[in-house]
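What follows is the content of query_6.txt, which has compact mmCIF, C-alpha atoms:
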# COMPACT_ATOMS: atom_id res chain seq x y z
CA MET A 1470 22.16 74.63 -21.25
CA LYS A 1471 24.50 72.45 -19.26
CA ILE A 1472 24.46 71.70 -15.55
CA ASP A 1473 27.28 73.14 -13.46
CA PHE A 1474 28.10 70.00 -11.43
CA VAL A 1475 31.19 71.62 -9.88
CA ASN A 1476 29.14 74.22 -8.01
CA PHE A 1477 25.87 72.27 -7.62
CA THR A 1478 25.30 71.58 -3.89
CA PRO A 1479 21.94 69.78 -3.59
CA ILE A 1480 22.32 68.58 0.02
CA PRO A 1481 23.19 71.91 1.73
CA ALA A 1482 20.59 73.56 -0.52
CA LEU A 1483 17.88 71.15 0.59
CA ILE A 1484 18.87 71.33 4.28
CA GLY A 1485 19.05 75.15 4.16
CA GLY A 1486 15.68 75.23 2.40
CA ILE A 1487 14.05 73.01 5.06
CA ILE A 1488 15.47 75.29 7.79
CA ILE A 1489 14.07 78.36 5.97
CA GLY A 1490 10.71 76.54 5.80
CA LEU A 1491 10.78 75.90 9.57
CA ALA A 1492 11.48 79.61 10.17
CA VAL A 1493 8.48 80.59 8.02
CA VAL A 1494 6.25 78.13 9.92
CA LEU A 1495 7.44 79.43 13.31
CA PHE A 1496 6.81 83.05 12.25
CA PHE A 1497 3.32 82.15 11.00
CA TYR A 1498 2.47 80.14 14.13
CA ALA A 1499 3.59 83.04 16.34
CA THR A 1500 2.10 85.98 14.45
CA GLY A 1501 -0.53 84.66 12.02
CA ARG A 1502 1.48 86.40 9.27
CA LEU A 1503 3.52 85.12 6.36
CA ALA A 1504 7.26 85.79 6.40
CA GLY A 1505 7.73 87.68 3.15
CA VAL A 1506 10.96 89.59 3.65
CA SER A 1507 10.29 92.50 1.25
CA GLY A 1508 6.95 93.16 2.96
CA ILE A 1509 8.40 92.87 6.47
CA ALA A 1510 11.31 95.18 5.59
CA ASN A 1511 9.04 97.83 4.03
CA ASN A 1512 6.51 97.62 6.89
CA ALA A 1513 9.27 97.90 9.49
CA LEU A 1514 10.03 101.36 8.11
CA THR A 1515 6.60 102.63 7.11
CA LYS A 1516 4.05 101.08 9.49
CA LYS A 1517 3.70 101.45 13.24
CA ASP A 1518 1.76 98.16 13.56
CA ASN A 1519 4.03 95.32 14.54
CA ARG A 1520 7.11 97.48 14.05
CA ALA A 1521 9.11 95.78 16.82
CA THR A 1522 8.20 92.32 15.54
CA ASN A 1523 9.24 93.25 12.00
CA LEU A 1524 12.50 94.88 13.10
CA LEU A 1525 13.44 91.93 15.29
CA PHE A 1526 12.80 89.51 12.43
CA LEU A 1527 15.20 91.58 10.27
CA ILE A 1528 17.82 91.66 13.04
CA GLY A 1529 17.37 87.88 13.25
CA LEU A 1530 18.15 87.60 9.53
CA ILE A 1531 21.46 89.39 10.16
CA THR A 1532 22.35 87.08 13.05
CA GLY A 1533 21.95 84.04 10.75
CA PRO A 1534 25.42 84.24 9.13
CA ILE A 1535 26.93 85.08 12.55
CA LEU A 1536 25.46 81.87 14.06
CA TYR A 1537 26.82 80.01 11.04
CA GLN A 1538 30.29 81.43 11.63
CA LEU A 1539 30.14 80.56 15.35
CA PHE A 1540 28.86 77.01 15.07
CA ILE A 1541 29.45 75.68 11.56
CA SER A 1542 32.27 77.32 9.68
CA SER A 1543 34.10 80.62 9.82
CA ASN A 1544 34.06 80.76 6.03
CA VAL A 1545 30.89 82.22 4.50
CA PRO A 1546 31.46 82.37 0.72
CA TYR A 1547 30.63 85.77 -0.76
CA LEU A 1548 31.44 86.88 -4.29
CA ILE A 1549 29.71 89.94 -5.73
CA ASN A 1550 30.02 92.25 -8.72
CA ASP A 1551 32.50 95.04 -7.94
CA ASN A 1552 30.78 97.62 -10.15
CA SER A 1553 29.01 100.07 -7.83
CA ILE A 1554 26.63 101.32 -10.55
CA ILE A 1555 25.34 97.75 -10.93
CA ILE A 1556 24.98 97.36 -7.14
CA VAL A 1557 23.06 100.66 -6.83
CA LEU A 1558 20.81 99.89 -9.80
CA GLY A 1559 20.24 96.30 -8.64
CA GLY A 1560 19.25 97.35 -5.11
CA PHE A 1561 16.93 100.06 -6.44
CA LEU A 1562 15.17 97.73 -8.92
CA VAL A 1563 14.77 95.01 -6.26
CA GLY A 1564 13.25 97.61 -3.90
CA ILE A 1565 10.80 99.06 -6.44
CA GLY A 1566 9.93 95.75 -8.08
CA THR A 1567 9.15 93.83 -4.87
CA GLN A 1568 6.77 96.58 -3.70
CA ILE A 1569 4.94 96.92 -7.04
CA GLY A 1570 4.78 93.13 -7.43
CA MET A 1571 3.99 92.76 -3.71
CA GLY A 1572 6.49 90.07 -2.89
CA CYS A 1573 9.93 88.57 -3.37
CA THR A 1574 11.53 85.13 -3.35
CA SER A 1575 10.24 84.42 0.16
CA GLY A 1576 6.75 85.95 -0.07
CA HIS A 1577 5.83 84.72 -3.55
CA GLY A 1578 8.47 82.01 -4.13
CA VAL A 1579 8.10 80.15 -0.83
CA CYS A 1580 4.94 81.27 1.03
CA GLY A 1581 2.75 81.90 -2.02
CA ILE A 1582 3.70 78.78 -3.96
CA SER A 1583 3.17 76.73 -0.76
CA ARG A 1584 -0.41 77.99 -0.72
CA PHE A 1585 -0.84 77.24 -4.44
CA SER A 1586 -1.47 80.96 -5.10
CA ILE A 1587 -1.76 81.55 -8.85
CA ARG A 1588 -0.57 85.14 -8.31
CA SER A 1589 2.60 83.93 -6.62
CA ILE A 1590 3.27 81.28 -9.26
CA ILE A 1591 3.00 83.94 -11.99
CA ALA A 1592 5.18 86.37 -9.98
CA THR A 1593 7.85 83.69 -9.43
CA ILE A 1594 7.92 82.73 -13.11
CA SER A 1595 8.17 86.46 -13.97
CA PHE A 1596 11.10 87.27 -11.69
CA ILE A 1597 13.05 84.13 -12.59
CA PHE A 1598 12.39 84.90 -16.29
CA SER A 1599 13.72 88.48 -16.13
CA GLY A 1600 16.60 87.36 -13.87
CA VAL A 1601 17.67 84.73 -16.43
CA ILE A 1602 17.47 87.27 -19.27
CA VAL A 1603 19.53 89.85 -17.36
CA VAL A 1604 22.21 87.28 -16.42
CA TYR A 1605 22.36 86.17 -20.06
CA LEU A 1606 22.79 89.79 -21.23
CA MET A 1607 25.38 90.54 -18.54
CA ASN A 1608 27.40 87.47 -19.54
CA THR A 1609 27.12 88.33 -23.22
CA LEU A 1610 28.29 91.89 -22.55
CA GLY A 1611 31.05 90.65 -20.22
CA LEU A 1612 29.76 92.60 -17.20
CA ASN A 1613 29.78 89.72 -14.70
CA MET B 516 7.54 87.14 23.76
CA LYS B 517 6.08 87.55 20.27
CA ASN B 518 9.06 89.73 19.39
CA ILE B 519 11.51 87.17 20.74
CA LEU B 520 9.91 84.51 18.54
CA ALA B 521 10.22 86.90 15.57
CA LEU B 522 13.92 87.30 16.36
CA ILE B 523 14.39 83.52 16.64
CA SER B 524 12.46 82.94 13.44
CA GLY B 525 14.57 85.56 11.62
CA SER B 526 17.81 83.95 12.85
CA ILE B 527 16.68 80.47 11.76
CA PHE B 528 15.74 81.95 8.38
CA GLY B 529 19.15 83.67 8.09
CA LEU B 530 20.93 80.48 9.13
CA GLY B 531 19.07 78.53 6.43
CA LEU B 532 20.05 81.15 3.85
CA THR B 533 23.70 80.88 4.90
CA ILE B 534 23.76 77.03 4.96
CA SER B 535 22.28 76.96 1.46
CA SER B 536 24.79 79.65 0.28
CA MET B 537 22.00 82.01 -0.77
CA THR B 538 23.96 84.81 0.94
CA ASN B 539 26.54 84.36 -1.83
CA PRO B 540 25.43 86.42 -4.87
CA ASP B 541 27.63 84.32 -7.17
CA LYS B 542 25.69 81.18 -6.15
CA VAL B 543 22.35 82.81 -7.00
CA LEU B 544 23.64 84.06 -10.35
CA GLY B 545 24.66 80.45 -11.08
CA PHE B 546 20.98 79.50 -10.82
CA LEU B 547 19.94 82.32 -13.15
CA ASP B 548 22.69 81.36 -15.63
CA LEU B 549 20.31 78.94 -17.34
CA PHE B 550 21.74 79.29 -20.84
CA ASN B 551 25.36 78.67 -19.97
CA ASN B 552 26.48 76.81 -16.86
CA TRP B 553 23.40 76.16 -14.72
CA ASP B 554 23.62 75.53 -10.95
CA PRO B 555 20.16 74.21 -9.91
CA SER B 556 20.87 74.59 -6.14
CA LEU B 557 18.40 77.47 -5.64
CA ALA B 558 15.55 75.28 -6.88
CA PHE B 559 16.47 72.79 -4.12
CA VAL B 560 16.41 75.59 -1.53
CA MET B 561 12.92 76.68 -2.61
CA GLY B 562 11.80 73.07 -2.87
CA GLY B 563 13.15 72.22 0.61
CA ALA B 564 11.33 75.20 2.10
CA ILE B 565 8.06 74.43 0.30
CA ILE B 566 8.07 70.76 1.44
CA VAL B 567 7.86 72.12 5.00
CA THR B 568 5.70 75.21 4.52
CA SER B 569 3.06 73.77 2.20
CA PRO B 570 1.56 71.22 4.65
CA MET B 571 2.32 73.27 7.78
CA LEU B 572 0.81 76.55 6.53
CA PHE B 573 -2.27 74.58 5.45
CA ILE B 574 -2.70 72.96 8.87
CA LEU B 575 -2.05 76.21 10.79
CA SER B 576 -4.40 78.18 8.50
CA ASN B 577 -7.20 75.73 9.21
CA ASN B 578 -6.64 75.66 12.97
CA LYS B 579 -6.41 79.48 13.14
CA ASN B 580 -4.79 79.09 16.53
CA PHE B 581 -1.81 81.44 16.66
CA ILE B 582 0.29 82.06 19.74
CA PHE B 583 0.19 85.86 19.64
CA SER B 584 -2.55 86.70 17.17
CA LYS B 585 -6.29 86.23 17.22
CA GLU B 586 -6.51 86.72 13.48
CA ILE B 587 -4.91 85.22 10.43
CA HIS B 588 -3.32 87.66 7.96
CA LEU B 589 -3.27 86.24 4.47
CA PRO B 590 -3.21 88.02 1.11
CA THR B 591 -6.76 88.47 -0.19
CA ASN B 592 -5.93 89.80 -3.66
CA ASN B 593 -6.45 87.15 -6.34
CA ASP B 594 -6.14 89.39 -9.40
CA ILE B 595 -3.49 88.67 -11.98
CA ASP B 596 -2.80 92.27 -12.93
CA LYS B 597 -0.15 94.37 -14.65
CA LYS B 598 1.30 95.46 -11.31
CA LEU B 599 2.06 91.88 -10.29
CA VAL B 600 3.81 90.97 -13.53
CA ILE B 601 5.62 94.28 -14.19
CA GLY B 602 6.74 94.57 -10.54
CA SER B 603 8.04 91.00 -10.53
CA LEU B 604 9.87 91.52 -13.84
CA ILE B 605 11.55 94.66 -12.40
CA PHE B 606 12.50 92.76 -9.23
CA GLY B 607 13.94 89.89 -11.30
CA ALA B 608 16.02 92.34 -13.34
CA GLY B 609 17.63 93.74 -10.18
CA TRP B 610 18.07 90.22 -8.81
CA GLY B 611 19.83 89.15 -12.02
CA LEU B 612 22.10 92.22 -12.00
CA VAL B 613 23.56 91.50 -8.55
CA GLY B 614 22.37 88.09 -7.29
CA LEU B 615 20.74 89.42 -4.12
CA CYS B 616 17.06 89.40 -3.19
CA PRO B 617 15.71 91.06 -0.01
CA GLY B 618 16.30 88.18 2.50
CA PRO B 619 19.88 87.32 1.55
CA ALA B 620 20.70 91.03 1.06
CA ILE B 621 19.73 91.79 4.67
CA SER B 622 21.41 88.63 6.02
CA SER B 623 24.62 89.41 4.16
CA LEU B 624 24.91 92.70 6.11
CA ALA B 625 26.46 90.47 8.81
CA LEU B 626 29.50 90.03 6.56
CA ILE B 627 30.12 93.83 6.66
CA GLU B 628 30.78 94.01 2.94
CA MET B 629 30.31 97.43 1.31
CA PRO B 630 28.38 96.18 -1.77
CA SER B 631 25.70 94.58 0.43
CA ILE B 632 25.38 97.72 2.54
CA ILE B 633 24.96 99.91 -0.57
CA PHE B 634 22.54 97.39 -2.09
CA VAL B 635 20.32 97.39 1.02
CA ILE B 636 20.31 101.22 1.24
CA PHE B 637 19.18 101.49 -2.39
CA MET B 638 16.68 98.67 -1.91
CA PHE B 639 15.03 100.76 0.84
CA ILE B 640 15.15 103.85 -1.41
CA GLY B 641 13.41 101.67 -4.02
CA PHE B 642 10.74 100.66 -1.46
CA TYR B 643 10.09 104.35 -0.82
CA CYS B 644 10.06 105.38 -4.50
CA SER B 645 7.63 102.58 -5.42
CA LYS B 646 4.84 104.64 -3.82
CA PHE B 647 5.15 107.27 -6.55
CA ILE B 648 4.88 104.82 -9.43
CA LYS B 649 1.41 104.22 -10.81
CA ILE B 650 0.95 101.15 -12.97
Do you think you could lay out the structure here as structure tokens?
Amino acid sequence: MKIDFVNFTPIPALIGGIIIGLAVVLFFYATGRLAGVSGIANNALTKKDNRATNLLFLIGLITGPILYQLFISSNVPYLINDNSIIIVLGGFLVGIGTQIGMGCTSGHGVCGISRFSIRSIIATISFIFSGVIVVYLMNTLGLN
Amino acid sequence: MKNILALISGSIFGLGLTISSMTNPDKVLGFLDLFNNWDPSLAFVMGGAIIVTSPMLFILSNNKNFIFSKEIHLPTNNDIDKKLVIGSLIFGAGWGLVGLCPGPAISSLALIEMPSIIFVIFMFIGFYCSKFIKI
């Protein structure tokens, strides 16, 4: 392992993280609910309770990069794999996995770890572990 | 008013994701590239968020005084079961394939890029299909 100092951006990462934290706190203070995105997205489609709240949170997520383009910089870096089979499979696995595991990076990784939930700590270790393995395999096979 | 606060909270969340470059799949894959050329930025994003949420969620949970809710809604399941681990491993595999997790995937729809649109459609198909899987 070596650290990629060229791409490492600790300051924007920390500032962005603090802003994400403030958003989670605001959502909790307003609704009494944790802002786990996979749960909110699934509930927005399948549950009538709080549907408008959930949908508006998701619309808010989409306005984030637009606000960034308006007030900070017109350039939002975006580089993604151009293989559509990988995109389809990736989206599908993220969808299935977050529902079976009941949480994603926000629900388990931020909200759960903040509450010292053992479940969330184990979930976070699990998804980072399989993510690291898959990236290693993809690099080895030259698919990235 | 509750819905307006949800919208504001979502936009702040999306702005934070964009500032920290989490809407860029390549940046996230850099974090998962532990064995080669590791970019630790994502750990700083999670750390930055947790510094804020850990004390604030604790205080708000104790006060139980929410603007638009009389009750607190927190997970009650404490079991470490197969579902938790297998589900999270499956999620991580998809995350490692593309570099998008649910929040950044939805935020990146703003960039009107076809891969993100396809990813989000299949993520929702995955949400739906998860109901038929028994673990």
Pull the closest atom pair for each residue of segment 1568-1600 of chain A that gets at most 12 Å from segment 1487-1491 of chain A, along with the distance in Å to one decimal, counting all atoms listed in the file, ordering rows by chain and then ascending residue number, as JSON lines.
{"residue": "A:Thr1574", "atom": "CA", "partner": "A:Ile1489", "partner_atom": "CA", "distance": 11.8}
{"residue": "A:Ser1575", "atom": "CA", "partner": "A:Ile1489", "partner_atom": "CA", "distance": 9.2}
{"residue": "A:Gly1576", "atom": "CA", "partner": "A:Gly1490", "partner_atom": "CA", "distance": 11.8}
{"residue": "A:Gly1578", "atom": "CA", "partner": "A:Gly1490", "partner_atom": "CA", "distance": 11.6}
{"residue": "A:Val1579", "atom": "CA", "partner": "A:Gly1490", "partner_atom": "CA", "distance": 8.0}
{"residue": "A:Cys1580", "atom": "CA", "partner": "A:Gly1490", "partner_atom": "CA", "distance": 8.9}
{"residue": "A:Ser1583", "atom": "CA", "partner": "A:Gly1490", "partner_atom": "CA", "distance": 10.0}
Just the selected residues (C-alpha atoms), exported as a short mmCIF file (atom, residue, chain, number, x, y, z; two decimals), in the frame of the given file, please.
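Output contents, as saved in again03.cif:
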data_model
loop_
_atom_site.label_atom_id
_atom_site.label_comp_id
_atom_site.auth_asym_id
_atom_site.auth_seq_id
_atom_site.Cartn_x
_atom_site.Cartn_y
_atom_site.Cartn_z
CA THR A 1574 11.53 85.13 -3.35
CA SER A 1575 10.24 84.42 0.16
CA GLY A 1576 6.75 85.95 -0.07
CA GLY A 1578 8.47 82.01 -4.13
CA VAL A 1579 8.10 80.15 -0.83
CA CYS A 1580 4.94 81.27 1.03
CA SER A 1583 3.17 76.73 -0.76
#
*For atom CA of Pro630 of chain B and atom CA of Gly611 of chain B, quote the distance in Å rounded to one decimal.*
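About the pair atom CA of Pro630 of chain B and atom CA of Gly611 of chain B: they are 15.1 Å apart.
Interatomic distance, atom CA of Asn1613 of chain A to atom CA of Asn1550 of chain A: 6.5 Å.
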_As an exercise, work out the distance from atom CA of His588 of chain B to atom CA of Arg1502 of chain A in Å and give it to one decimal place._
5.1 Å
*Residue neighbourhood Gly1566 of chain A, 12 Å, all atoms listed in the file, exclusion window fewer than 6 positions, as a PyMOL selection string*: (chain A and resi 1507-1508+1558-1560+1572-1574+1592+1595-1596+1599) or (chain B and resi 598-610+616-617+638-646+648+650)
*What lies within 12 Å of segment 1518-1529 of chain A using all atoms listed in the file, ignoring chain neighbours under 4 positions off, as an MDAnalysis selection string?*
(chainID A and resid 1492:1493 1495:1496 1499:1514 1533:1536) or (chainID B and resid 516:532 583:584 617:625)
Now that the selection is made, can you save its residues with C-alpha atoms as an mmCIF file, in the frame of the given file?
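The resulting file, selection.cif, is shown below:
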data_model
loop_
_atom_site.group_PDB
_atom_site.id
_atom_site.type_symbol
_atom_site.label_atom_id
_atom_site.label_comp_id
_atom_site.auth_asym_id
_atom_site.auth_seq_id
_atom_site.Cartn_x
_atom_site.Cartn_y
_atom_site.Cartn_z
ATOM 1 C CA ALA A 1492 11.480 79.610 10.170
ATOM 2 C CA VAL A 1493 8.480 80.590 8.020
ATOM 3 C CA LEU A 1495 7.440 79.430 13.310
ATOM 4 C CA PHE A 1496 6.810 83.050 12.250
ATOM 5 C CA ALA A 1499 3.590 83.040 16.340
ATOM 6 C CA THR A 1500 2.100 85.980 14.450
ATOM 7 C CA GLY A 1501 -0.530 84.660 12.020
ATOM 8 C CA ARG A 1502 1.480 86.400 9.270
ATOM 9 C CA LEU A 1503 3.520 85.120 6.360
ATOM 10 C CA ALA A 1504 7.260 85.790 6.400
ATOM 11 C CA GLY A 1505 7.730 87.680 3.150
ATOM 12 C CA VAL A 1506 10.960 89.590 3.650
ATOM 13 C CA SER A 1507 10.290 92.500 1.250
ATOM 14 C CA GLY A 1508 6.950 93.160 2.960
ATOM 15 C CA ILE A 1509 8.400 92.870 6.470
ATOM 16 C CA ALA A 1510 11.310 95.180 5.590
ATOM 17 C CA ASN A 1511 9.040 97.830 4.030
ATOM 18 C CA ASN A 1512 6.510 97.620 6.890
ATOM 19 C CA ALA A 1513 9.270 97.900 9.490
ATOM 20 C CA LEU A 1514 10.030 101.360 8.110
ATOM 21 C CA GLY A 1533 21.950 84.040 10.750
ATOM 22 C CA PRO A 1534 25.420 84.240 9.130
ATOM 23 C CA ILE A 1535 26.930 85.080 12.550
ATOM 24 C CA LEU A 1536 25.460 81.870 14.060
ATOM 25 C CA MET B 516 7.540 87.140 23.760
ATOM 26 C CA LYS B 517 6.080 87.550 20.270
ATOM 27 C CA ASN B 518 9.060 89.730 19.390
ATOM 28 C CA ILE B 519 11.510 87.170 20.740
ATOM 29 C CA LEU B 520 9.910 84.510 18.540
ATOM 30 C CA ALA B 521 10.220 86.900 15.570
ATOM 31 C CA LEU B 522 13.920 87.300 16.360
ATOM 32 C CA ILE B 523 14.390 83.520 16.640
ATOM 33 C CA SER B 524 12.460 82.940 13.440
ATOM 34 C CA GLY B 525 14.570 85.560 11.620
ATOM 35 C CA SER B 526 17.810 83.950 12.850
ATOM 36 C CA ILE B 527 16.680 80.470 11.760
ATOM 37 C CA PHE B 528 15.740 81.950 8.380
ATOM 38 C CA GLY B 529 19.150 83.670 8.090
ATOM 39 C CA LEU B 530 20.930 80.480 9.130
ATOM 40 C CA GLY B 531 19.070 78.530 6.430
ATOM 41 C CA LEU B 532 20.050 81.150 3.850
ATOM 42 C CA PHE B 583 0.190 85.860 19.640
ATOM 43 C CA SER B 584 -2.550 86.700 17.170
ATOM 44 C CA PRO B 617 15.710 91.060 -0.010
ATOM 45 C CA GLY B 618 16.300 88.180 2.500
ATOM 46 C CA PRO B 619 19.880 87.320 1.550
ATOM 47 C CA ALA B 620 20.700 91.030 1.060
ATOM 48 C CA ILE B 621 19.730 91.790 4.670
ATOM 49 C CA SER B 622 21.410 88.630 6.020
ATOM 50 C CA SER B 623 24.620 89.410 4.160
ATOM 51 C CA LEU B 624 24.910 92.700 6.110
ATOM 52 C CA ALA B 625 26.460 90.470 8.810
#
*Neighbours of segment 535-538 of chain B within 8 Å (all atoms listed in the file; same-chain residues fewer than 2 positions away dropped), as JSON, numbers by chain?*
{"A": [1481, 1482, 1483, 1484, 1485, 1486, 1545, 1546, 1547], "B": [531, 532, 533, 540, 542, 543, 557, 560, 615, 619, 620, 622, 623]}
_Given all atoms listed in the file as the counted atoms, nearest of A:Ser1542, A:Arg1584, A:Phe1474, A:Gln1568 to Val567 of chain B_ = A:Arg1584
Quick one: what's the axis-aligned box for segment 1594-1603 of chain A, all listed atoms, 3 Å on every side, centre and edges in Å to one decimal, as lines of an AutoDock Vina configuration file?
center_x = 13.7
center_y = 86.3
center_z = -15.5
size_x = 17.6
size_y = 13.1
size_z = 13.6
